>>> print(open('input04.pdb').read())   # PDB, C-alpha atoms and all ligand atoms
ATOM      1  CA  MET N 176      76.407  97.301 115.575
ATOM      2  CA  GLU N 177      75.690  99.723 112.737
ATOM      3  CA  PHE N 178      78.428 102.069 111.522
ATOM      4  CA  SER N 179      78.815 104.453 108.623
ATOM      5  CA  VAL N 180      82.181 104.032 106.901
ATOM      6  CA  GLU N 181      82.889 106.775 104.378
ATOM      7  CA  VAL N 182      85.584 108.866 102.717
ATOM      8  CA  ALA N 183      86.163 111.802 105.061
ATOM      9  CA  ASN N 184      85.694 115.440 104.004
ATOM     10  CA  GLU N 185      85.963 118.923 105.544
ATOM     11  CA  SER N 186      82.817 118.337 107.609
ATOM     12  CA  HIS N 187      84.716 115.717 109.620
ATOM     13  CA  GLN N 188      87.591 118.011 110.656
ATOM     14  CA  ARG N 189      85.998 118.432 114.095
ATOM     15  CA  TYR N 190      87.047 114.844 114.860
ATOM     16  CA  ALA N 191      90.758 115.441 114.158
ATOM     17  CA  VAL N 192      91.815 116.169 117.763
ATOM     18  CA  GLU N 193      89.949 113.107 119.046
ATOM     19  CA  ILE N 194      91.570 110.918 116.357
ATOM     20  CA  CYS N 195      95.057 112.123 117.365
ATOM     21  CA  GLU N 196      94.293 111.408 121.023
ATOM     22  CA  LEU N 197      93.092 107.881 120.163
ATOM     23  CA  ILE N 198      96.229 107.155 118.126
ATOM     24  CA  LYS N 199      98.450 108.513 120.925
ATOM     25  CA  GLU N 200      96.661 106.580 123.692
ATOM     26  CA  SER N 201      96.730 103.279 121.788
ATOM     27  CA  ALA N 202     100.446 103.690 120.963
ATOM     28  CA  LYS N 203     101.114 104.271 124.655
ATOM     29  CA  ALA N 204      99.104 101.177 125.597
ATOM     30  CA  ARG N 205     100.970  99.040 123.042
ATOM     31  CA  GLY N 206     104.375 100.447 123.994
ATOM     32  CA  THR N 207     105.163 101.473 120.418
ATOM     33  CA  GLY N 208     106.842 104.709 119.491
ATOM     34  CA  ILE N 209     104.479 105.330 116.618
ATOM     35  CA  ALA N 210     104.886 108.798 115.089
ATOM     36  CA  GLU N 211     102.448 111.239 116.617
ATOM     37  CA  ARG N 212      99.996 112.787 114.186
ATOM     38  CA  LYS N 213      99.062 116.435 114.483
ATOM     39  CA  PRO N 214      95.370 117.438 114.092
ATOM     40  CA  GLU N 215      96.335 119.772 111.205
ATOM     41  CA  TYR N 216      97.777 116.815 109.296
ATOM     42  CA  ILE N 217      94.616 114.742 109.825
ATOM     43  CA  GLU N 218      92.462 117.720 108.787
ATOM     44  CA  GLU N 219      94.448 118.117 105.563
ATOM     45  CA  LYS N 220      93.919 114.406 104.784
ATOM     46  CA  MET N 221      90.174 114.892 105.282
ATOM     47  CA  ARG N 222      90.014 117.993 103.079
ATOM     48  CA  SER N 223      91.911 116.258 100.287
ATOM     49  CA  GLY N 224      89.703 113.127 100.379
ATOM     50  CA  LYS N 225      92.571 110.880 101.525
ATOM     51  CA  ALA N 226      90.991 109.480 104.680
ATOM     52  CA  VAL N 227      88.242 107.110 105.740
ATOM     53  CA  ILE N 228      86.166 107.744 108.856
ATOM     54  CA  ALA N 229      83.757 105.436 110.691
ATOM     55  CA  LEU N 230      80.989 106.885 112.825
ATOM     56  CA  GLN N 231      78.202 105.519 114.931
ATOM     57  CA  GLY N 232      75.708 108.341 114.745
ATOM     58  CA  ASP N 233      77.855 111.356 115.664
ATOM     59  CA  THR N 234      80.336 109.304 117.685
ATOM     60  CA  LEU N 235      83.807 108.687 116.269
ATOM     61  CA  ALA N 236      84.346 104.930 115.867
ATOM     62  CA  GLY N 237      87.424 104.602 113.651
ATOM     63  CA  PHE N 238      89.762 106.192 111.133
ATOM     64  CA  CYS N 239      92.516 105.574 108.577
ATOM     65  CA  TYR N 240      94.290 107.724 105.959
ATOM     66  CA  ILE N 241      96.344 107.148 102.846
ATOM     67  CA  GLU N 242      99.833 108.379 101.983
ATOM     68  CA  THR N 243     101.861 107.982  98.805
ATOM     69  CA  TRP N 244     105.597 107.292  98.541
ATOM     70  CA  SER N 245     108.239 107.140  95.783
ATOM     71  CA  ASN N 246     106.292 109.569  93.552
ATOM     72  CA  ALA N 247     103.035 107.653  94.070
ATOM     73  CA  GLU N 248     104.584 104.360  92.989
ATOM     74  CA  TYR N 249     103.418 103.087  96.395
ATOM     75  CA  VAL N 250     100.478 103.898  98.637
ATOM     76  CA  ALA N 251     100.163 103.016 102.325
ATOM     77  CA  ASN N 252      97.116 102.980 104.558
ATOM     78  CA  SER N 253      98.266 104.542 107.819
ATOM     79  CA  GLY N 254      96.976 105.509 111.243
ATOM     80  CA  LEU N 255      94.364 102.747 111.363
ATOM     81  CA  ILE N 256      92.509 103.134 114.646
ATOM     82  CA  VAL N 257      89.256 101.846 116.126
ATOM     83  CA  ALA N 258      87.943 103.320 119.398
ATOM     84  CA  PRO N 259      88.266 100.714 122.196
ATOM     85  CA  GLN N 260      84.497 100.330 122.727
ATOM     86  CA  PHE N 261      83.976  99.455 119.038
ATOM     87  CA  ARG N 262      86.728  96.846 118.657
ATOM     88  CA  ARG N 263      86.121  93.241 117.569
ATOM     89  CA  PHE N 264      83.042  94.069 115.469
ATOM     90  CA  GLY N 265      84.848  93.866 112.130
ATOM     91  CA  LEU N 266      85.118  97.645 111.904
ATOM     92  CA  ALA N 267      88.872  97.848 111.206
ATOM     93  CA  LYS N 268      88.389  95.441 108.317
ATOM     94  CA  ALA N 269      85.546  97.566 106.892
ATOM     95  CA  ILE N 270      87.646 100.748 107.199
ATOM     96  CA  LYS N 271      90.646  99.090 105.579
ATOM     97  CA  LYS N 272      88.500  97.726 102.739
ATOM     98  CA  ARG N 273      87.126 101.211 101.995
ATOM     99  CA  SER N 274      90.610 102.667 102.257
ATOM    100  CA  ILE N 275      91.987 100.125  99.766
ATOM    101  CA  GLU N 276      89.201 100.998  97.311
ATOM    102  CA  LEU N 277      90.001 104.683  97.766
ATOM    103  CA  SER N 278      93.733 104.067  97.243
ATOM    104  CA  ARG N 279      93.122 102.074  94.054
ATOM    105  CA  THR N 280      90.717 104.671  92.666
ATOM    106  CA  LYS N 281      92.989 107.619  93.390
ATOM    107  CA  TYR N 282      96.281 105.912  92.479
ATOM    108  CA  PRO N 283      95.586 103.034  90.027
ATOM    109  CA  LYS N 284      99.300 102.520  89.326
ATOM    110  CA  ALA N 285     100.391 102.389  92.989
ATOM    111  CA  LYS N 286     101.172  99.146  94.819
ATOM    112  CA  LEU N 287      99.638  98.986  98.300
ATOM    113  CA  PHE N 288     101.843  98.234 101.263
ATOM    114  CA  GLY N 289     102.078  98.323 105.023
ATOM    115  CA  ILE N 290     104.364  97.302 107.865
ATOM    116  CA  THR N 291     102.909  96.071 111.125
ATOM    117  CA  THR N 292     103.448  94.032 114.294
ATOM    118  CA  SER N 293      99.683  93.767 114.858
ATOM    119  CA  LEU N 294      98.095  90.326 114.487
ATOM    120  CA  ALA N 295      94.708  91.926 113.786
ATOM    121  CA  VAL N 296      96.196  93.999 110.949
ATOM    122  CA  MET N 297      98.041  90.961 109.527
ATOM    123  CA  LYS N 298      94.737  89.043 109.475
ATOM    124  CA  ILE N 299      92.857  91.932 107.882
ATOM    125  CA  ASN N 300      95.549  92.505 105.260
ATOM    126  CA  SER N 301      95.724  88.796 104.371
ATOM    127  CA  GLU N 302      91.951  88.631 103.953
ATOM    128  CA  LEU N 303      92.028  91.710 101.714
ATOM    129  CA  GLY N 304      94.668  90.412  99.316
ATOM    130  CA  TYR N 305      98.004  91.462 100.851
ATOM    131  CA  GLU N 306     100.912  89.029 101.009
ATOM    132  CA  PRO N 307     103.966  89.084 103.275
ATOM    133  CA  VAL N 308     107.150  90.269 101.530
ATOM    134  CA  THR N 309     110.693  91.259 102.454
ATOM    135  CA  PHE N 310     111.430  94.948 102.948
ATOM    136  CA  SER N 311     113.217  94.981  99.585
ATOM    137  CA  GLU N 312     109.774  94.988  97.889
ATOM    138  CA  LEU N 313     108.636  98.184  99.611
ATOM    139  CA  THR N 314     109.217 101.826  98.873
ATOM    140  CA  GLN N 315     112.809 102.909  99.435
ATOM    141  CA  ASP N 316     111.643 106.487 100.000
ATOM    142  CA  ASP N 317     113.671 107.928 102.915
ATOM    143  CA  ALA N 318     110.647 109.946 104.024
ATOM    144  CA  PHE N 319     108.727 106.730 104.749
ATOM    145  CA  TRP N 320     111.524 105.070 106.722
ATOM    146  CA  ASN N 321     112.218 108.273 108.646
ATOM    147  CA  GLY N 322     108.768 107.662 110.178
ATOM    148  CA  CYS N 323     110.310 104.653 111.965
ATOM    149  CA  LYS N 324     112.756 106.853 113.884
ATOM    150  CA  SER N 325     110.357 107.204 116.825
ATOM    151  CA  CYS N 326     109.970 103.402 117.113
ATOM    152  CA  PRO N 327     111.857 101.733 120.022
ATOM    153  CA  ASN N 328     113.140  99.137 117.521
ATOM    154  CA  TYR N 329     114.672 101.660 115.116
ATOM    155  CA  ASP N 330     118.213 100.510 115.990
ATOM    156  CA  ILE N 331     117.334  97.024 114.648
ATOM    157  CA  LEU N 332     116.158  98.495 111.346
ATOM    158  CA  GLU N 333     119.297 100.613 111.045
ATOM    159  CA  ARG N 334     121.624  97.745 111.984
ATOM    160  CA  ASN N 335     120.083  95.727 109.132
ATOM    161  CA  GLN N 336     120.352  98.522 106.568
ATOM    162  CA  ARG N 337     116.524  98.562 106.368
ATOM    163  CA  ARG N 338     116.465  94.997 105.035
ATOM    164  CA  MET N 339     114.476  93.653 108.020
ATOM    165  CA  CYS N 340     113.064  94.550 111.403
ATOM    166  CA  LEU N 341     110.355  93.344 113.807
ATOM    167  CA  CYS N 342     107.487  94.497 111.594
ATOM    168  CA  THR N 343     106.047  92.237 108.928
ATOM    169  CA  ALA N 344     105.912  93.907 105.507
ATOM    170  CA  MET N 345     102.821  93.266 103.405
ATOM    171  CA  LEU N 346     102.116  94.160  99.788
ATOM    172  CA  ALA N 347      98.995  94.115  97.590
ATOM    173  CA  PRO N 348      98.710  94.692  93.836
ATOM    174  CA  SER N 349      97.849  98.033  92.272
ATOM    175  CA  GLN N 350      94.538  98.471  90.419
ATOM    176  CA  GLU N 351      96.397  98.106  87.107
ATOM    177  CA  GLU N 352      98.114  94.906  88.233
ATOM    178  CA  LEU N 353      94.760  93.513  89.407
ATOM    179  CA  GLU N 354      93.184  94.245  86.027
ATOM    180  CA  GLN N 355      96.132  92.637  84.234
ATOM    181  CA  MET N 356      95.795  89.522  86.426
ATOM    182  CA  GLU N 357      92.064  89.302  85.661
ATOM    183  CA  TYR N 358      92.767  89.727  81.934
ATOM    184  CA  ASP N 359      95.457  87.013  82.002
ATOM    185  CA  LEU N 360      93.153  84.685  83.936
ATOM    186  CA  SER N 361      90.234  85.148  81.531
ATOM    187  CA  ASN N 362      92.593  84.481  78.576
ATOM    188  CA  LEU N 363      93.862  81.342  80.285
ATOM    189  CA  ILE N 364      90.287  80.124  80.881
ATOM    190  CA  LEU N 365      89.404  80.823  77.226
ATOM    191  CA  SER N 366      92.475  78.956  75.949
ATOM    192  CA  VAL N 367      91.698  75.927  78.167
ATOM    193  CA  ALA N 368      87.997  75.857  77.200
TER     194      ALA N 368
HETATM  195  C1  LIG A 401      94.046  96.819 115.496
HETATM  196  C2  LIG A 401      92.633  97.399 115.483
HETATM  197  C3  LIG A 401      92.574  98.503 114.441
HETATM  198  C4  LIG A 401      91.632  96.271 115.140
HETATM  199  O1  LIG A 401      90.339  96.830 115.101
HETATM  200  P1  LIG A 401      89.016  95.921 115.177
HETATM  201  O2  LIG A 401      87.886  96.725 114.641
HETATM  202  O3  LIG A 401      88.872  95.378 116.532
HETATM  203  O4  LIG A 401      89.374  94.733 114.168
HETATM  204  P2  LIG A 401      88.338  93.765 113.435
HETATM  205  O5  LIG A 401      87.156  93.580 114.353
HETATM  206  O6  LIG A 401      88.053  94.270 112.065
HETATM  207  O7  LIG A 401      89.142  92.413 113.402
HETATM  208  C5  LIG A 401      89.830  91.960 112.259
HETATM  209  C6  LIG A 401      90.460  90.613 112.568
HETATM  210  O8  LIG A 401      91.486  90.765 113.551
HETATM  211  C7  LIG A 401      91.193  89.981 114.706
HETATM  212  N1  LIG A 401      91.584  90.767 115.865
HETATM  213  C8  LIG A 401      91.086  91.961 116.259
HETATM  214  N2  LIG A 401      91.742  92.399 117.342
HETATM  215  C9  LIG A 401      92.667  91.451 117.637
HETATM  216  C10 LIG A 401      93.644  91.320 118.649
HETATM  217  N3  LIG A 401      93.815  92.262 119.575
HETATM  218  N4  LIG A 401      94.430  90.211 118.637
HETATM  219  C11 LIG A 401      94.283  89.256 117.702
HETATM  220  N5  LIG A 401      93.372  89.313 116.705
HETATM  221  C12 LIG A 401      92.579  90.400 116.685
HETATM  222  C13 LIG A 401      89.698  89.730 114.655
HETATM  223  O9  LIG A 401      89.334  88.560 115.342
HETATM  224  C14 LIG A 401      89.494  89.601 113.161
HETATM  225  O10 LIG A 401      89.924  88.333 112.713
HETATM  226  P3  LIG A 401      88.994  87.391 111.807
HETATM  227  O11 LIG A 401      88.764  88.153 110.524
HETATM  228  O12 LIG A 401      89.817  86.182 111.629
HETATM  229  O13 LIG A 401      87.741  87.234 112.604
HETATM  230  C15 LIG A 401      92.252  97.969 116.888
HETATM  231  O14 LIG A 401      92.454  96.969 117.852
HETATM  232  C16 LIG A 401      93.039  99.195 117.247
HETATM  233  O15 LIG A 401      92.640 100.329 116.934
HETATM  234  N6  LIG A 401      94.200  98.987 117.918
HETATM  235  C17 LIG A 401      95.088 100.089 118.268
HETATM  236  C18 LIG A 401      95.751 100.707 117.060
HETATM  237  C19 LIG A 401      96.521  99.713 116.197
HETATM  238  O16 LIG A 401      97.080  98.745 116.693
HETATM  239  N7  LIG A 401      96.545 100.005 114.883
HETATM  240  C20 LIG A 401      97.263  99.224 113.931
HETATM  241  C21 LIG A 401      98.604  99.840 113.693
HETATM  242  S1  LIG A 401      99.539  98.935 112.476
END
>>> encode(input="input04.pdb", output="structure tokens")
Amino acid sequence: MEFSVEVANESHQRYAVEICELIKESAKARGTGIAERKPEYIEEKMRSGKAVIALQGDTLAGFCYIETWSNAEYVANSGLIVAPQFRRFGLAKAIKKRSIELSRTKYPKAKLFGITTSLAVMKINSELGYEPVTFSELTQDDAFWNGCKSCPNYDILERNQRRMCLCTAMLAPSQEELEQMEYDLSNLILSVA
């Protein structure tokens, strides 16, 4: 299947209601209390170039947006969704890859992170350079954790003073950290040669 996967802009705002419906329906199907997104919020993400949209022709196929936390020390890719008829074609991975590139371009100093119970997302993240970490390595921004309040497992998070819950936390290096790693590696190769 052929899809276009691109950074969203104002011309895509007409898909915002459909995206919110998809997110809501899939949360219902999975039994998660994921925070509902309002179309206005999605539209703002599109206007500010902080979202990635996948289309097949004019048909919405998938979506994801980015959010920063702790004064842009961290960036998260949120609201990842693929329409049911387009699942299992590698589309979520393509959206996530584009979204990671966008995050690193816009916020080169920000570490990338996510929390998830989804096996598909864990696989995608691992293939794209994320590693599992404890919650201590993530943003401590209250605004981020307040997003968990609508989750049925919130009492577990609270009971553990945010140190652990049922989600797996995953972290990937910032653009600057990646460049430093590449620099260190090339120096190591030179010193061995
Ligand atoms: C999760 C979701 C985004 C995956 O989309 P997708 O386009 O089908 O995913 P991909 O085709 O890119 O698959 C990526 C990997 O996950 C695996 N995968 C996909 N769906 C899976 C599932 N339901 N269970 C287990 N593995 C799955 C694929 O086999 C693939 O693995 P591989 O790289 O080893 O082959 C999609 O199912 C969805 O929108 N679900 C509802 C919303 C959701 O759960 N969002 C994540 C919130 S954290």
>>> closest_residue(input="input04.pdb", among="N:Ala183, N:Met297, N:Leu287, N:Ala202", to="Arg222 in chain N", atoms="all atoms listed in the file")
N:Ala183
>>> residues_around(input="input04.pdb", residues="Phe264 in chain N", least_positions_apart="3", cutoff="9 Å", atoms="all atoms listed in the file", output="PyMOL selection string")
chain N and resi 176+261+267
>>> residues_near_ligand(input="input04.pdb", ligand="ligand LIG 401 (chain A)", cutoff="7 Å", atoms="all atoms listed in the file", output="PyMOL selection string")
chain N and resi 198+201-202+254-259+261-269+290-296+298-299
>>> resolve_selection(input="input04.pdb", expression="the PyMOL selection byres (((chain N and resi 312-316) around 12) and not hetatm)", output="PDB file with C-alpha atoms, in the coordinates of the input")
ATOM      1  CA  GLU N 242      99.833 108.379 101.983  1.00  0.00           C
ATOM      2  CA  THR N 243     101.861 107.982  98.805  1.00  0.00           C
ATOM      3  CA  TRP N 244     105.597 107.292  98.541  1.00  0.00           C
ATOM      4  CA  SER N 245     108.239 107.140  95.783  1.00  0.00           C
ATOM      5  CA  ASN N 246     106.292 109.569  93.552  1.00  0.00           C
ATOM      6  CA  ALA N 247     103.035 107.653  94.070  1.00  0.00           C
ATOM      7  CA  GLU N 248     104.584 104.360  92.989  1.00  0.00           C
ATOM      8  CA  TYR N 249     103.418 103.087  96.395  1.00  0.00           C
ATOM      9  CA  VAL N 250     100.478 103.898  98.637  1.00  0.00           C
ATOM     10  CA  ALA N 251     100.163 103.016 102.325  1.00  0.00           C
ATOM     11  CA  ALA N 285     100.391 102.389  92.989  1.00  0.00           C
ATOM     12  CA  LYS N 286     101.172  99.146  94.819  1.00  0.00           C
ATOM     13  CA  LEU N 287      99.638  98.986  98.300  1.00  0.00           C
ATOM     14  CA  PHE N 288     101.843  98.234 101.263  1.00  0.00           C
ATOM     15  CA  GLY N 289     102.078  98.323 105.023  1.00  0.00           C
ATOM     16  CA  ILE N 290     104.364  97.302 107.865  1.00  0.00           C
ATOM     17  CA  GLU N 306     100.912  89.029 101.009  1.00  0.00           C
ATOM     18  CA  PRO N 307     103.966  89.084 103.275  1.00  0.00           C
ATOM     19  CA  VAL N 308     107.150  90.269 101.530  1.00  0.00           C
ATOM     20  CA  THR N 309     110.693  91.259 102.454  1.00  0.00           C
ATOM     21  CA  PHE N 310     111.430  94.948 102.948  1.00  0.00           C
ATOM     22  CA  SER N 311     113.217  94.981  99.585  1.00  0.00           C
ATOM     23  CA  ASP N 317     113.671 107.928 102.915  1.00  0.00           C
ATOM     24  CA  ALA N 318     110.647 109.946 104.024  1.00  0.00           C
ATOM     25  CA  PHE N 319     108.727 106.730 104.749  1.00  0.00           C
ATOM     26  CA  TRP N 320     111.524 105.070 106.722  1.00  0.00           C
ATOM     27  CA  ASN N 321     112.218 108.273 108.646  1.00  0.00           C
ATOM     28  CA  GLY N 322     108.768 107.662 110.178  1.00  0.00           C
ATOM     29  CA  GLN N 336     120.352  98.522 106.568  1.00  0.00           C
ATOM     30  CA  ARG N 337     116.524  98.562 106.368  1.00  0.00           C
ATOM     31  CA  ARG N 338     116.465  94.997 105.035  1.00  0.00           C
ATOM     32  CA  MET N 339     114.476  93.653 108.020  1.00  0.00           C
ATOM     33  CA  THR N 343     106.047  92.237 108.928  1.00  0.00           C
ATOM     34  CA  ALA N 344     105.912  93.907 105.507  1.00  0.00           C
ATOM     35  CA  MET N 345     102.821  93.266 103.405  1.00  0.00           C
ATOM     36  CA  LEU N 346     102.116  94.160  99.788  1.00  0.00           C
ATOM     37  CA  ALA N 347      98.995  94.115  97.590  1.00  0.00           C
ATOM     38  CA  PRO N 348      98.710  94.692  93.836  1.00  0.00           C
TER      39      PRO N 348
END
>>> residues_near_point(input="input04.pdb", point="(80.5, 100.4, 111.4)", cutoff="7 Å", atoms="only C-alpha atoms", output="PDB file with C-alpha atoms, keeping the file's coordinate frame")
ATOM      1  CA  MET N 176      76.407  97.301 115.575  1.00  0.00           C
ATOM      2  CA  GLU N 177      75.690  99.723 112.737  1.00  0.00           C
ATOM      3  CA  PHE N 178      78.428 102.069 111.522  1.00  0.00           C
ATOM      4  CA  SER N 179      78.815 104.453 108.623  1.00  0.00           C
ATOM      5  CA  VAL N 180      82.181 104.032 106.901  1.00  0.00           C
ATOM      6  CA  ALA N 229      83.757 105.436 110.691  1.00  0.00           C
ATOM      7  CA  LEU N 230      80.989 106.885 112.825  1.00  0.00           C
ATOM      8  CA  GLN N 231      78.202 105.519 114.931  1.00  0.00           C
ATOM      9  CA  LEU N 266      85.118  97.645 111.904  1.00  0.00           C
TER      10      LEU N 266
END
>>> resolve_selection(input="input04.pdb", expression="the PyMOL selection byres (((chain N and resi 274) around 10) and not hetatm)", output="list of chain:residue names")
N:Val180, N:Glu181, N:Val182, N:Lys225, N:Ala226, N:Val227, N:Ile228, N:Phe238, N:Cys239, N:Tyr240, N:Ile241, N:Ala251, N:Asn252, N:Ser253, N:Leu255, N:Lys268, N:Ala269, N:Ile270, N:Lys271, N:Lys272, N:Arg273, N:Ile275, N:Glu276, N:Leu277, N:Ser278, N:Arg279, N:Thr280
>>> write_last_selection(input="input04.pdb", atoms="C-alpha atoms", output="short mmCIF file (atom, residue, chain, number, x, y, z; two decimals), keeping the file's coordinate frame")
data_model
loop_
_atom_site.label_atom_id
_atom_site.label_comp_id
_atom_site.auth_asym_id
_atom_site.auth_seq_id
_atom_site.Cartn_x
_atom_site.Cartn_y
_atom_site.Cartn_z
CA VAL N 180 82.18 104.03 106.90
CA GLU N 181 82.89 106.78 104.38
CA VAL N 182 85.58 108.87 102.72
CA LYS N 225 92.57 110.88 101.52
CA ALA N 226 90.99 109.48 104.68
CA VAL N 227 88.24 107.11 105.74
CA ILE N 228 86.17 107.74 108.86
CA PHE N 238 89.76 106.19 111.13
CA CYS N 239 92.52 105.57 108.58
CA TYR N 240 94.29 107.72 105.96
CA ILE N 241 96.34 107.15 102.85
CA ALA N 251 100.16 103.02 102.32
CA ASN N 252 97.12 102.98 104.56
CA SER N 253 98.27 104.54 107.82
CA LEU N 255 94.36 102.75 111.36
CA LYS N 268 88.39 95.44 108.32
CA ALA N 269 85.55 97.57 106.89
CA ILE N 270 87.65 100.75 107.20
CA LYS N 271 90.65 99.09 105.58
CA LYS N 272 88.50 97.73 102.74
CA ARG N 273 87.13 101.21 102.00
CA ILE N 275 91.99 100.12 99.77
CA GLU N 276 89.20 101.00 97.31
CA LEU N 277 90.00 104.68 97.77
CA SER N 278 93.73 104.07 97.24
CA ARG N 279 93.12 102.07 94.05
CA THR N 280 90.72 104.67 92.67
#
>>> axis_aligned_box(input="input04.pdb", around="range 256-264 of chain N", padding_each_side="6 Å", output="lines of an AutoDock Vina configuration file")
center_x = 87.8
center_y = 98.3
center_z = 118.7
size_x = 21.5
size_y = 22.1
size_z = 20.1
>>> closest_residue(input="input04.pdb", among="N:Val367, N:Leu235, N:Met221, N:Ala204", to="Ser186 in chain N", atoms="all atoms listed in the file")
N:Met221
>>> resolve_selection(input="input04.pdb", expression="the PyMOL selection byres (((chain N and resi 329) around 12) and not hetatm)", output="PyMOL selection string")
chain N and resi 207-209+320-328+330-337+339-342
>>> write_last_selection(input="input04.pdb", atoms="C-alpha atoms", output="tab-separated table (two decimals), in the coordinates of the input")
chain	number	residue	atom	x	y	z
N	207	THR	CA	105.16	101.47	120.42
N	208	GLY	CA	106.84	104.71	119.49
N	209	ILE	CA	104.48	105.33	116.62
N	320	TRP	CA	111.52	105.07	106.72
N	321	ASN	CA	112.22	108.27	108.65
N	322	GLY	CA	108.77	107.66	110.18
N	323	CYS	CA	110.31	104.65	111.96
N	324	LYS	CA	112.76	106.85	113.88
N	325	SER	CA	110.36	107.20	116.82
N	326	CYS	CA	109.97	103.40	117.11
N	327	PRO	CA	111.86	101.73	120.02
N	328	ASN	CA	113.14	99.14	117.52
N	330	ASP	CA	118.21	100.51	115.99
N	331	ILE	CA	117.33	97.02	114.65
N	332	LEU	CA	116.16	98.50	111.35
N	333	GLU	CA	119.30	100.61	111.04
N	334	ARG	CA	121.62	97.74	111.98
N	335	ASN	CA	120.08	95.73	109.13
N	336	GLN	CA	120.35	98.52	106.57
N	337	ARG	CA	116.52	98.56	106.37
N	339	MET	CA	114.48	93.65	108.02
N	340	CYS	CA	113.06	94.55	111.40
N	341	LEU	CA	110.36	93.34	113.81
N	342	CYS	CA	107.49	94.50	111.59
>>> closest_residue(input="input04.pdb", among="N:Asp359, N:Glu302, N:Glu354, N:Glu219", to="His187 in chain N", atoms="only C-alpha atoms")
N:Glu219
>>> residues_around(input="input04.pdb", residues="Glu196 in chain N", least_positions_apart="4", cutoff="10 Å", atoms="only C-alpha atoms", output="JSON, numbers by chain")
{"N": [191, 192, 200, 201, 202, 211, 212, 213, 214]}
>>> atom_distance(input="input04.pdb", atom1="CA of Gly224 in chain N", atom2="CA of Asn184 in chain N")
5.9 Å
>>> atom_distance(input="input04.pdb", atom1="CA of Tyr282 in chain N", atom2="CA of Gln350 in chain N")
7.9 Å
>>> atom_distance(input="input04.pdb", atom1="CA of Thr234 in chain N", atom2="CA of Lys220 in chain N")
19.4 Å
>>> closest_residue(input="input04.pdb", among="N:Ser223, N:Leu197, N:Glu351, N:Tyr216", to="Gly237 in chain N", atoms="all atoms listed in the file")
N:Leu197
>>> decode(input="input04.pdb", residues="range 289-302 of chain N", atoms="C-alpha atoms", output="compact mmCIF listing (two decimals), in the first residue's frame")
# COMPACT_ATOMS: atom_id res chain seq x y z
CA GLY N 289 7.21 7.75 25.68
CA ILE N 290 5.20 5.53 27.99
CA THR N 291 3.13 2.70 26.58
CA THR N 292 1.45 -0.66 27.22
CA SER N 293 1.30 -1.38 23.48
CA LEU N 294 3.48 -4.21 22.15
CA ALA N 295 3.41 -2.66 18.66
CA VAL N 296 4.68 0.66 20.04
CA MET N 297 7.38 -1.08 22.12
CA LYS N 298 8.59 -2.87 18.96
CA ILE N 299 8.54 0.32 16.90
CA ASN N 300 10.35 2.32 19.58
CA SER N 301 13.02 -0.37 20.03
CA GLU N 302 13.65 -0.49 16.29
